[in-house]
Amino acid sequence: MEIIAVLSIASGCLSLLCLLALHVVSPEFQPSWRMISEYALGKNKRLLTAFFFLWGACSILSSILLWNLVGTIWASIGVILLFISGIGAIMGGLFDIKHPNHGLSFMIGVPTLPLATLLIGYHLLSLEPWSSYRSVLLLSSHAPWIALVLMAGAMALLFSGFKKAGYPMGPDVEPPEKLPEGVIPLAGYANRLLVLCYLIWPILVAGIIMTL
């Protein structure tokens, strides 16, 4: 189990490093309003694919790690959702933003994780060995759904700004090279915050398990 915990932490950290590297090698994608998936439109698609694969591996390995630690039906459902979220992340690497299944990857990988962290997190807090980690576990378990709500709001704000600027919207429309005047650029930051919250939780849980 310790090996699985180490692999989970390593894959999560490497995923974040890939994301950081994308900002360095692809500076043409403004992080304030361009989505992470849009890096597939540039010259470093393989690095983006590695980011998604490692993200998925982190979630899947954490679900394997937690399966024998949870003791209720709801917590077990949470572990299954964590595993499904990892599958969605891997699908995000297989199906880039131009692929028709990219939206399906999002629906499988993104909404499932916040529910998983809450179901698992509150169960772990009921176990004596985890009580000393209450504050950090509570914060990290709630962070994913908060980040998801913030991203939804930021995306709505971005799309509203595009509409007011007269820029056409749709799956087949190429994103503008420059942000239209009057559009508030927050969606990209919110997207990156979401990824950070989604990866910190399994990394943190795997780290705690190694100390127990």
# chains A, B, ... in the order shown; residues from 1 in each chain; ligands from 1
>>> residues_around(residues="Phe83 in chain A", least_positions_apart="3", cutoff="6 Å", atoms="only C-alpha atoms", output="list in words")
Ile60, Ser63, Ile80 and Gly86 of chain A
>>> write_last_selection(atoms="N, CA and C atoms", output="PDB file, in the first residue's frame")
ATOM      1  N   ILE A  60      -6.935   7.456  -9.712  1.00  0.00           N
ATOM      2  CA  ILE A  60      -7.184   6.010  -9.729  1.00  0.00           C
ATOM      3  C   ILE A  60      -6.368   5.307  -8.650  1.00  0.00           C
ATOM      4  N   SER A  63      -7.896   5.926  -5.323  1.00  0.00           N
ATOM      5  CA  SER A  63      -9.109   5.131  -5.103  1.00  0.00           C
ATOM      6  C   SER A  63      -8.752   3.704  -4.710  1.00  0.00           C
ATOM      7  N   ILE A  80     -15.583   4.879  -5.586  1.00  0.00           N
ATOM      8  CA  ILE A  80     -15.911   4.541  -6.973  1.00  0.00           C
ATOM      9  C   ILE A  80     -15.967   5.812  -7.827  1.00  0.00           C
ATOM     10  N   GLY A  86     -10.933   9.709 -12.232  1.00  0.00           N
ATOM     11  CA  GLY A  86      -9.634   9.444 -12.838  1.00  0.00           C
ATOM     12  C   GLY A  86      -9.758   8.981 -14.276  1.00  0.00           C
TER      13      GLY A  86
END
>>> residues_around(residues="range 34-48 of chain A", least_positions_apart="3", cutoff="10 Å", atoms="only C-alpha atoms", output="MDAnalysis selection string")
chainID A and resid 15 18:19 21:23 25:31 51:54 92:93 95:98 102 155 174:177 179 185:192 195
>>> atom_distance(atom1="CA of Pro180 in chain A", atom2="CA of Gly161 in chain A")
8.2 Å
>>> closest_residue(among="A:Thr49, A:Asn101, A:Ser131, A:Ser126", to="Gly71 in chain A", atoms="only C-alpha atoms")
A:Ser126
>>> closest_residue(among="A:Thr117, A:Gly88, A:Val70, A:Ala165", to="Gly103 in chain A", atoms="only C-alpha atoms")
A:Gly88
>>> atom_distance(atom1="CA of Ser141 in chain A", atom2="CA of Ile3 in chain A")
23.5 Å
